[in-house]
$ cat structure.pdb   # PDB, C-alpha atoms and all ligand atoms
MODEL        1
ATOM      1  CA  MET A   1       0.000   0.000   0.000
ATOM      2  CA  VAL A   2       1.222   3.491  -0.851
ATOM      3  CA  ARG A   3       0.473   6.380   1.505
ATOM      4  CA  GLN A   4       1.754   9.842   2.336
ATOM      5  CA  ALA A   5       4.697   9.903   4.767
ATOM      6  CA  LYS A   6       4.392  11.315   8.292
ATOM      7  CA  LEU A   7       7.073  12.828  10.527
ATOM      8  CA  SER A   8       6.755   9.760  12.763
ATOM      9  CA  ASP A   9       7.978   7.617   9.807
ATOM     10  CA  LEU A  10      11.342   9.398   9.674
ATOM     11  CA  SER A  11      13.435   6.816  11.523
ATOM     12  CA  ASN A  12      12.063   4.001   9.316
ATOM     13  CA  ILE A  13      12.615   6.085   6.178
ATOM     14  CA  ALA A  14      16.243   6.744   7.187
ATOM     15  CA  ALA A  15      16.750   3.016   7.882
ATOM     16  CA  VAL A  16      15.363   2.089   4.431
ATOM     17  CA  HIS A  17      17.579   4.745   2.819
ATOM     18  CA  MET A  18      20.718   3.366   4.478
ATOM     19  CA  LYS A  19      19.955  -0.177   3.315
ATOM     20  CA  CYS A  20      19.062   0.888  -0.246
ATOM     21  CA  PHE A  21      21.962   3.321  -0.788
ATOM     22  CA  PRO A  22      24.883   1.658   1.030
ATOM     23  CA  ASP A  23      27.506   3.300  -1.229
ATOM     24  CA  SER A  24      26.110   6.802  -1.105
ATOM     25  CA  PHE A  25      27.735   9.695   0.762
ATOM     26  CA  SER A  26      24.350  10.532   2.309
ATOM     27  CA  THR A  27      24.359   7.139   4.073
ATOM     28  CA  CYS A  28      27.687   7.823   5.740
ATOM     29  CA  LEU A  29      26.123  10.918   7.361
ATOM     30  CA  GLY A  30      24.134   8.523   9.553
ATOM     31  CA  GLY A  31      20.472   8.064  10.474
ATOM     32  CA  LYS A  32      19.953  11.235  12.538
ATOM     33  CA  LEU A  33      21.151  13.609   9.814
ATOM     34  CA  LEU A  34      19.193  11.704   7.171
ATOM     35  CA  GLU A  35      16.075  12.141   9.300
ATOM     36  CA  LYS A  36      16.724  15.885   9.437
ATOM     37  CA  PHE A  37      17.280  15.997   5.672
ATOM     38  CA  TYR A  38      14.038  14.200   4.868
ATOM     39  CA  SER A  39      12.079  16.120   7.511
ATOM     40  CA  GLU A  40      12.549  19.335   5.474
ATOM     41  CA  TYR A  41      10.581  17.733   2.637
ATOM     42  CA  ILE A  42       7.879  16.069   4.748
ATOM     43  CA  LYS A  43       7.191  19.384   6.460
ATOM     44  CA  ASP A  44       7.106  21.475   3.313
ATOM     45  CA  VAL A  45       5.772  19.214   0.540
ATOM     46  CA  PRO A  46       4.130  16.252   2.349
ATOM     47  CA  GLU A  47       2.077  15.332  -0.718
ATOM     48  CA  LEU A  48       5.349  14.582  -2.563
ATOM     49  CA  PHE A  49       6.681  12.160   0.050
ATOM     50  CA  LEU A  50       5.195   8.695  -0.312
ATOM     51  CA  VAL A  51       5.996   5.453   1.474
ATOM     52  CA  CYS A  52       4.965   1.896   0.616
ATOM     53  CA  GLU A  53       4.200  -0.735   3.228
ATOM     54  CA  ASP A  54       4.111  -4.515   3.189
ATOM     55  CA  GLU A  55       1.134  -6.490   4.512
ATOM     56  CA  LYS A  56       2.443  -6.060   8.093
ATOM     57  CA  LYS A  57       2.513  -2.257   7.659
ATOM     58  CA  ASN A  58       6.320  -2.109   7.642
ATOM     59  CA  ILE A  59       7.785   0.623   5.455
ATOM     60  CA  VAL A  60       9.659  -1.162   2.670
ATOM     61  CA  GLY A  61      10.277   1.727   0.284
ATOM     62  CA  PHE A  62       9.692   5.386  -0.423
ATOM     63  CA  CYS A  63       9.626   7.973  -3.161
ATOM     64  CA  MET A  64      10.027  11.727  -2.725
ATOM     65  CA  GLY A  65      10.851  14.983  -4.414
ATOM     66  CA  TYR A  66       9.854  18.600  -4.870
ATOM     67  CA  TYR A  67       8.393  21.137  -7.274
ATOM     68  CA  MET A  68      11.088  22.290  -9.698
ATOM     69  CA  GLU A  69      10.798  26.011  -8.962
ATOM     70  CA  LYS A  70      11.486  25.276  -5.268
ATOM     71  CA  ASN A  71      14.869  23.662  -4.987
ATOM     72  CA  ASP A  72      16.437  25.044  -1.825
ATOM     73  CA  TYR A  73      15.949  22.106   0.593
ATOM     74  CA  SER A  74      19.517  20.789   0.346
ATOM     75  CA  ARG A  75      20.871  24.287   0.929
ATOM     76  CA  SER A  76      18.566  24.782   3.904
ATOM     77  CA  PHE A  77      19.587  21.364   5.321
ATOM     78  CA  LEU A  78      23.264  22.291   4.908
ATOM     79  CA  LYS A  79      22.717  25.690   6.548
ATOM     80  CA  HIS A  80      20.833  24.311   9.560
ATOM     81  CA  ASN A  81      23.204  21.373  10.149
ATOM     82  CA  PHE A  82      26.500  22.815   8.922
ATOM     83  CA  PHE A  83      28.654  21.890  11.929
ATOM     84  CA  SER A  84      27.192  18.387  12.365
ATOM     85  CA  ILE A  85      27.727  17.658   8.660
ATOM     86  CA  CYS A  86      31.336  18.994   8.698
ATOM     87  CA  PHE A  87      32.103  17.038  11.867
ATOM     88  CA  LYS A  88      30.670  13.823  10.410
ATOM     89  CA  PHE A  89      32.379  14.378   7.033
ATOM     90  CA  LEU A  90      35.800  14.954   8.616
ATOM     91  CA  GLY A  91      35.336  11.928  10.848
ATOM     92  CA  ARG A  92      34.474   9.721   7.851
ATOM     93  CA  LEU A  93      37.467  11.093   5.875
ATOM     94  CA  LEU A  94      39.815  10.325   8.783
ATOM     95  CA  CYS A  95      38.387   6.786   8.995
ATOM     96  CA  GLY A  96      39.184   6.369   5.278
ATOM     97  CA  ASP A  97      35.515   5.939   4.325
ATOM     98  CA  LYS A  98      35.456   5.478   0.513
ATOM     99  CA  ARG A  99      32.119   7.326   0.214
ATOM    100  CA  ALA A 100      33.472  10.473   1.887
ATOM    101  CA  TRP A 101      36.656  10.451  -0.237
ATOM    102  CA  LYS A 102      34.599   9.915  -3.390
ATOM    103  CA  LYS A 103      32.473  12.939  -2.467
ATOM    104  CA  LEU A 104      35.613  15.038  -1.937
ATOM    105  CA  LYS A 105      37.088  14.015  -5.287
ATOM    106  CA  LYS A 106      33.817  14.297  -7.220
ATOM    107  CA  ASN A 107      34.445  16.156 -10.466
ATOM    108  CA  LYS A 108      32.187  19.195 -10.256
ATOM    109  CA  ASP A 109      33.359  20.377 -13.710
ATOM    110  CA  VAL A 110      31.513  17.688 -15.681
ATOM    111  CA  LYS A 111      29.375  19.545 -18.202
ATOM    112  CA  TRP A 112      25.654  18.847 -18.361
ATOM    113  CA  VAL A 113      24.534  18.445 -21.988
ATOM    114  CA  LEU A 114      20.899  19.018 -22.928
ATOM    115  CA  LYS A 115      19.352  16.218 -25.030
ATOM    116  CA  ASP A 116      15.726  17.378 -25.254
ATOM    117  CA  GLU A 117      15.160  21.020 -26.158
ATOM    118  CA  GLU A 118      11.350  20.706 -26.058
ATOM    119  CA  ILE A 119      11.299  19.570 -22.391
ATOM    120  CA  HIS A 120      13.802  22.257 -21.466
ATOM    121  CA  LYS A 121      11.513  25.019 -22.772
ATOM    122  CA  ILE A 122       8.702  24.024 -20.397
ATOM    123  CA  PRO A 123       8.810  26.393 -17.371
ATOM    124  CA  ASN A 124       9.889  25.041 -13.977
ATOM    125  CA  GLU A 125       6.411  25.854 -12.586
ATOM    126  CA  LYS A 126       5.119  23.007 -14.767
ATOM    127  CA  LYS A 127       7.754  20.488 -13.651
ATOM    128  CA  GLY A 128       8.202  18.208 -10.657
ATOM    129  CA  ASP A 129      11.422  16.503  -9.604
ATOM    130  CA  LEU A 130      11.668  12.969  -8.289
ATOM    131  CA  LEU A 131      14.686  13.141  -6.002
ATOM    132  CA  SER A 132      14.747   9.621  -4.650
ATOM    133  CA  ILE A 133      12.992   6.280  -4.972
ATOM    134  CA  CYS A 134      14.036   3.051  -3.284
ATOM    135  CA  VAL A 135      12.652  -0.291  -2.202
ATOM    136  CA  LEU A 136      14.311  -2.792   0.145
ATOM    137  CA  ASN A 137      16.196  -5.516  -1.687
ATOM    138  CA  THR A 138      13.834  -8.398  -0.864
ATOM    139  CA  TYR A 139      10.830  -6.373  -2.063
ATOM    140  CA  ARG A 140      12.294  -5.498  -5.479
ATOM    141  CA  GLY A 141      10.807  -6.880  -8.683
ATOM    142  CA  LYS A 142       7.371  -7.119  -7.022
ATOM    143  CA  GLY A 143       5.696  -3.942  -8.231
ATOM    144  CA  TYR A 144       6.264  -1.771  -5.113
ATOM    145  CA  ALA A 145       8.488   0.639  -7.027
ATOM    146  CA  SER A 146       5.974   0.981  -9.901
ATOM    147  CA  ASP A 147       3.162   1.643  -7.394
ATOM    148  CA  LEU A 148       5.270   4.358  -5.758
ATOM    149  CA  ILE A 149       6.284   6.109  -8.974
ATOM    150  CA  ASN A 150       2.760   5.901 -10.459
ATOM    151  CA  SER A 151       1.264   7.453  -7.299
ATOM    152  CA  TYR A 152       3.958  10.122  -7.279
ATOM    153  CA  GLU A 153       3.275  11.045 -10.921
ATOM    154  CA  GLN A 154      -0.466  11.222 -10.176
ATOM    155  CA  VAL A 155       0.126  13.724  -7.351
ATOM    156  CA  LEU A 156       2.266  15.854  -9.665
ATOM    157  CA  ALA A 157      -0.326  15.711 -12.457
ATOM    158  CA  LYS A 158      -3.149  16.670 -10.056
ATOM    159  CA  ARG A 159      -1.090  19.707  -9.053
ATOM    160  CA  GLY A 160      -0.878  20.791 -12.686
ATOM    161  CA  ARG A 161       2.612  19.506 -13.405
ATOM    162  CA  LYS A 162       3.217  18.396 -16.994
ATOM    163  CA  ILE A 163       6.643  16.790 -16.587
ATOM    164  CA  CYS A 164       8.473  14.670 -14.041
ATOM    165  CA  ILE A 165      12.277  14.999 -14.052
ATOM    166  CA  LEU A 166      14.851  12.813 -12.295
ATOM    167  CA  SER A 167      18.570  12.049 -12.276
ATOM    168  CA  VAL A 168      20.294   8.720 -12.030
ATOM    169  CA  GLU A 169      23.912   7.584 -12.089
ATOM    170  CA  THR A 170      24.619   5.848 -15.402
ATOM    171  CA  ASP A 171      26.195   2.823 -13.702
ATOM    172  CA  ASN A 172      22.970   2.168 -11.737
ATOM    173  CA  GLY A 173      21.748  -0.512 -14.180
ATOM    174  CA  ARG A 174      18.620  -1.439 -12.253
ATOM    175  CA  GLY A 175      17.652   2.219 -11.642
ATOM    176  CA  VAL A 176      18.145   3.091 -15.335
ATOM    177  CA  GLY A 177      16.233  -0.057 -16.420
ATOM    178  CA  PHE A 178      13.387   0.772 -14.035
ATOM    179  CA  TYR A 179      12.993   4.381 -15.223
ATOM    180  CA  GLU A 180      13.130   3.405 -18.903
ATOM    181  CA  LYS A 181      10.489   0.726 -18.279
ATOM    182  CA  GLN A 182       8.327   3.441 -16.681
ATOM    183  CA  GLY A 183       8.505   5.525 -19.877
ATOM    184  CA  TYR A 184      11.226   8.014 -18.953
ATOM    185  CA  THR A 185      13.478   9.287 -21.761
ATOM    186  CA  VAL A 186      16.883  10.955 -21.606
ATOM    187  CA  TYR A 187      16.680  14.723 -21.090
ATOM    188  CA  GLY A 188      20.333  15.530 -20.365
ATOM    189  CA  GLU A 189      23.682  13.924 -19.652
ATOM    190  CA  ALA A 190      26.538  14.825 -17.297
ATOM    191  CA  GLY A 191      29.445  13.123 -19.046
ATOM    192  CA  LYS A 192      29.320   9.369 -18.543
ATOM    193  CA  ILE A 193      28.412   9.766 -14.874
ATOM    194  CA  LYS A 194      24.805  10.900 -14.641
ATOM    195  CA  ARG A 195      21.712  11.080 -16.789
ATOM    196  CA  THR A 196      18.639  13.236 -16.347
ATOM    197  CA  TYR A 197      15.384  11.646 -17.461
ATOM    198  CA  ALA A 198      11.955  13.176 -18.125
ATOM    199  CA  LYS A 199       8.425  11.906 -18.643
ATOM    200  CA  LYS A 200       5.332  13.764 -19.816
ATOM    201  CA  LEU A 201       2.496  13.295 -17.345
ATOM    202  CA  GLU A 202      -1.108  12.564 -18.273
ATOM    203  CA  ALA A 203      -3.447  15.355 -17.178
TER     204      ALA A 203
HETATM  205  C1  LIG B 301      15.359   1.417  -8.508
HETATM  206  C2  LIG B 301      14.364   0.555  -7.725
HETATM  207  C3  LIG B 301      13.468   1.463  -6.883
HETATM  208  C4  LIG B 301      13.495  -0.196  -8.750
HETATM  209  O1  LIG B 301      12.642  -1.077  -8.059
HETATM  210  P1  LIG B 301      12.512  -2.617  -8.550
HETATM  211  O2  LIG B 301      11.479  -3.280  -7.748
HETATM  212  O3  LIG B 301      13.888  -3.160  -8.539
HETATM  213  O4  LIG B 301      11.995  -2.342 -10.017
HETATM  214  P2  LIG B 301      11.421  -3.390 -11.071
HETATM  215  O5  LIG B 301      11.902  -4.768 -10.733
HETATM  216  O6  LIG B 301       9.976  -3.129 -11.213
HETATM  217  O7  LIG B 301      12.083  -2.866 -12.418
HETATM  218  C5  LIG B 301      13.430  -2.941 -12.635
HETATM  219  C6  LIG B 301      13.590  -3.114 -14.153
HETATM  220  O8  LIG B 301      14.910  -2.740 -14.458
HETATM  221  C7  LIG B 301      15.455  -3.685 -15.367
HETATM  222  N1  LIG B 301      16.582  -4.289 -14.684
HETATM  223  C8  LIG B 301      16.611  -5.102 -13.606
HETATM  224  N2  LIG B 301      17.866  -5.373 -13.262
HETATM  225  C9  LIG B 301      18.636  -4.721 -14.136
HETATM  226  C10 LIG B 301      20.045  -4.591 -14.321
HETATM  227  N3  LIG B 301      20.905  -5.174 -13.498
HETATM  228  N4  LIG B 301      20.493  -3.832 -15.342
HETATM  229  C11 LIG B 301      19.639  -3.210 -16.174
HETATM  230  N5  LIG B 301      18.310  -3.282 -16.048
HETATM  231  C12 LIG B 301      17.822  -4.025 -15.036
HETATM  232  C13 LIG B 301      14.396  -4.637 -15.780
HETATM  233  O9  LIG B 301      13.779  -4.087 -16.950
HETATM  234  C14 LIG B 301      13.423  -4.573 -14.612
HETATM  235  O10 LIG B 301      12.120  -4.776 -14.995
HETATM  236  P3  LIG B 301      11.579  -6.272 -15.416
HETATM  237  O11 LIG B 301      12.316  -7.253 -14.564
HETATM  238  O12 LIG B 301      10.103  -6.190 -15.113
HETATM  239  O13 LIG B 301      11.875  -6.374 -16.873
HETATM  240  C15 LIG B 301      15.083  -0.471  -6.801
HETATM  241  O14 LIG B 301      15.840  -1.355  -7.588
HETATM  242  C16 LIG B 301      15.960   0.185  -5.743
HETATM  243  O15 LIG B 301      15.495   0.517  -4.662
HETATM  244  N6  LIG B 301      17.253   0.364  -6.042
HETATM  245  C17 LIG B 301      18.175   1.002  -5.061
HETATM  246  C18 LIG B 301      17.923   2.502  -4.960
HETATM  247  C19 LIG B 301      18.099   3.165  -6.304
HETATM  248  O16 LIG B 301      19.055   2.919  -7.020
HETATM  249  N7  LIG B 301      17.150   4.082  -6.657
HETATM  250  C20 LIG B 301      17.156   4.779  -7.927
HETATM  251  C21 LIG B 301      18.026   5.948  -7.953
HETATM  252  S1  LIG B 301      17.356   7.274  -6.956
ENDMDL
END
$ encode --input "structure.pdb" --output "structure tokens"
Amino acid sequence: MVRQAKLSDLSNIAAVHMKCFPDSFSTCLGGKLLEKFYSEYIKDVPELFLVCEDEKKNIVGFCMGYYMEKNDYSRSFLKHNFFSICFKFLGRLLCGDKRAWKKLKKNKDVKWVLKDEEIHKIPNEKKGDLLSICVLNTYRGKGYASDLINSYEQVLAKRGRKICILSVETDNGRGVGFYEKQGYTVYGEAGKIKRTYAKKLEA
């Protein structure tokens, strides 16, 4: 079952995140900071934060994002938790955590190349962004992810959004395969590292 997330779900959401994104820098920040990160979205755009539950009502996946013209959540998270993030980041670097070193070395100069002019011309007020979708390993391939993304697109469409945009790392074979199966097409590319996908939503 898919439902809107509540603030009381935050610890379960953070736990699912850490299991689904073990290699991500965000995971090495730890559960408490992840909860704070996601709480910014649940508080401000609750309709765009969905969780899916198994038959025992355990949260086994989630899907969340924001409206394209409002993209300052990461900045606000960084501002409000600056010292905790720096402290955690330094600690992880000193421990030799690969994820922290990867983040430090990340090539910020990779150029983003537009692949779909038509989508680009649509104003941000008509676009929604899907920031993250994940489902616990044992629940994959069972339709939970499709239920989540379909519900998410319906919320966006009801709010007058024409397009859903998302980014995925090119080496995430299952993520790329999933989005393409859902009808997403390439909108832009950041070298060989990342792809941005877009899908037109039914009114
Ligand atoms: C991405 C994710 C949410 C998709 O959920 P899922 O339940 O695995 O999705 P599905 O099984 O419905 O679809 C995956 C599709 O990708 C394709 N696929 C599966 N494994 C693949 C692989 N290794 N390489 C390429 N394509 C693959 C298949 O087309 C598959 O659909 P099919 O088996 O019906 O043909 C889930 O895998 C996940 O949580 N991954 C970790 C988090 C993540 O990477 N999120 C996306 C980036 S934000």
$ resolve_selection --input "structure.pdb" --expression "the PyMOL selection byres (((chain A and resi 51) around 9) and not hetatm)" --output "count of residues only"
18
$ residues_near_point --input "structure.pdb" --point "(29.4, 4.8, 0.0)" --cutoff "10 Å" --atoms "all atoms listed in the file" --output "NGL selection string"
:A and (18 or 21-28 or 97-103)
$ closest_residue --input "structure.pdb" --among "A:Gly175, A:Gly191, A:Gly91, A:Gly160" --to "Ile133 (chain A)" --atoms "all atoms listed in the file"
A:Gly175
$ residues_around --input "structure.pdb" --residues "His80 (chain A)" --least-positions-apart "4" --cutoff "12 Å" --atoms "all atoms listed in the file" --output "list of chain:residue names"
A:Leu33, A:Lys36, A:Phe37, A:Glu40, A:Tyr73, A:Ser74, A:Arg75, A:Ser76, A:Ser84, A:Ile85, A:Cys86
$ closest_residue --input "structure.pdb" --among "A:Leu104, A:Ala190, A:Ile122, A:Ala203" --to "Leu90 (chain A)" --atoms "all atoms listed in the file"
A:Leu104
$ resolve_selection --input "structure.pdb" --expression "the PyMOL selection byres (((not hetatm)) within 9 of (chain B and resi 301))" --output "PDB file with C-alpha atoms, in the frame of the given file"
ATOM      1  CA  HIS A  17      17.579   4.745   2.819  1.00  0.00           C
ATOM      2  CA  LYS A  19      19.955  -0.177   3.315  1.00  0.00           C
ATOM      3  CA  CYS A  20      19.062   0.888  -0.246  1.00  0.00           C
ATOM      4  CA  PHE A  21      21.962   3.321  -0.788  1.00  0.00           C
ATOM      5  CA  GLY A  61      10.277   1.727   0.284  1.00  0.00           C
ATOM      6  CA  PHE A  62       9.692   5.386  -0.423  1.00  0.00           C
ATOM      7  CA  CYS A  63       9.626   7.973  -3.161  1.00  0.00           C
ATOM      8  CA  LEU A 130      11.668  12.969  -8.289  1.00  0.00           C
ATOM      9  CA  LEU A 131      14.686  13.141  -6.002  1.00  0.00           C
ATOM     10  CA  SER A 132      14.747   9.621  -4.650  1.00  0.00           C
ATOM     11  CA  ILE A 133      12.992   6.280  -4.972  1.00  0.00           C
ATOM     12  CA  CYS A 134      14.036   3.051  -3.284  1.00  0.00           C
ATOM     13  CA  VAL A 135      12.652  -0.291  -2.202  1.00  0.00           C
ATOM     14  CA  LEU A 136      14.311  -2.792   0.145  1.00  0.00           C
ATOM     15  CA  ASN A 137      16.196  -5.516  -1.687  1.00  0.00           C
ATOM     16  CA  THR A 138      13.834  -8.398  -0.864  1.00  0.00           C
ATOM     17  CA  TYR A 139      10.830  -6.373  -2.063  1.00  0.00           C
ATOM     18  CA  ARG A 140      12.294  -5.498  -5.479  1.00  0.00           C
ATOM     19  CA  GLY A 141      10.807  -6.880  -8.683  1.00  0.00           C
ATOM     20  CA  LYS A 142       7.371  -7.119  -7.022  1.00  0.00           C
ATOM     21  CA  GLY A 143       5.696  -3.942  -8.231  1.00  0.00           C
ATOM     22  CA  TYR A 144       6.264  -1.771  -5.113  1.00  0.00           C
ATOM     23  CA  ALA A 145       8.488   0.639  -7.027  1.00  0.00           C
ATOM     24  CA  SER A 146       5.974   0.981  -9.901  1.00  0.00           C
ATOM     25  CA  LEU A 148       5.270   4.358  -5.758  1.00  0.00           C
ATOM     26  CA  ILE A 149       6.284   6.109  -8.974  1.00  0.00           C
ATOM     27  CA  LEU A 166      14.851  12.813 -12.295  1.00  0.00           C
ATOM     28  CA  SER A 167      18.570  12.049 -12.276  1.00  0.00           C
ATOM     29  CA  VAL A 168      20.294   8.720 -12.030  1.00  0.00           C
ATOM     30  CA  GLU A 169      23.912   7.584 -12.089  1.00  0.00           C
ATOM     31  CA  ASP A 171      26.195   2.823 -13.702  1.00  0.00           C
ATOM     32  CA  ASN A 172      22.970   2.168 -11.737  1.00  0.00           C
ATOM     33  CA  GLY A 173      21.748  -0.512 -14.180  1.00  0.00           C
ATOM     34  CA  ARG A 174      18.620  -1.439 -12.253  1.00  0.00           C
ATOM     35  CA  GLY A 175      17.652   2.219 -11.642  1.00  0.00           C
ATOM     36  CA  VAL A 176      18.145   3.091 -15.335  1.00  0.00           C
ATOM     37  CA  GLY A 177      16.233  -0.057 -16.420  1.00  0.00           C
ATOM     38  CA  PHE A 178      13.387   0.772 -14.035  1.00  0.00           C
ATOM     39  CA  TYR A 179      12.993   4.381 -15.223  1.00  0.00           C
ATOM     40  CA  GLU A 180      13.130   3.405 -18.903  1.00  0.00           C
ATOM     41  CA  LYS A 181      10.489   0.726 -18.279  1.00  0.00           C
ATOM     42  CA  GLN A 182       8.327   3.441 -16.681  1.00  0.00           C
TER      43      GLN A 182
END
$ resolve_selection --input "structure.pdb" --expression "the PyMOL selection byres (((chain A and resi 112-120) around 7) and not hetatm)" --output "PDB file with C-alpha atoms, keeping the file's coordinate frame"
ATOM      1  CA  VAL A 110      31.513  17.688 -15.681  1.00  0.00           C
ATOM      2  CA  LYS A 111      29.375  19.545 -18.202  1.00  0.00           C
ATOM      3  CA  LYS A 121      11.513  25.019 -22.772  1.00  0.00           C
ATOM      4  CA  ILE A 122       8.702  24.024 -20.397  1.00  0.00           C
ATOM      5  CA  VAL A 186      16.883  10.955 -21.606  1.00  0.00           C
ATOM      6  CA  TYR A 187      16.680  14.723 -21.090  1.00  0.00           C
ATOM      7  CA  GLY A 188      20.333  15.530 -20.365  1.00  0.00           C
ATOM      8  CA  GLU A 189      23.682  13.924 -19.652  1.00  0.00           C
ATOM      9  CA  ALA A 190      26.538  14.825 -17.297  1.00  0.00           C
ATOM     10  CA  GLY A 191      29.445  13.123 -19.046  1.00  0.00           C
TER      11      GLY A 191
END
$ closest_residue --input "structure.pdb" --among "A:Arg92, A:Lys192, A:Lys6, A:Lys162" --to "Ile42 (chain A)" --atoms "all atoms listed in the file"
A:Lys6
$ axis_aligned_box --input "structure.pdb" --around "region 62-66 of chain A" --padding-each-side "8 Å" --output "AutoDock Vina command-line options"
--center_x 10.2 --center_y 12.0 --center_z -2.6 --size_x 17.2 --size_y 29.2 --size_z 20.4
$ atom_distance --input "structure.pdb" --atom1 "CA of Lys199 (chain A)" --atom2 "CA of Glu69 (chain A)"
17.3 Å
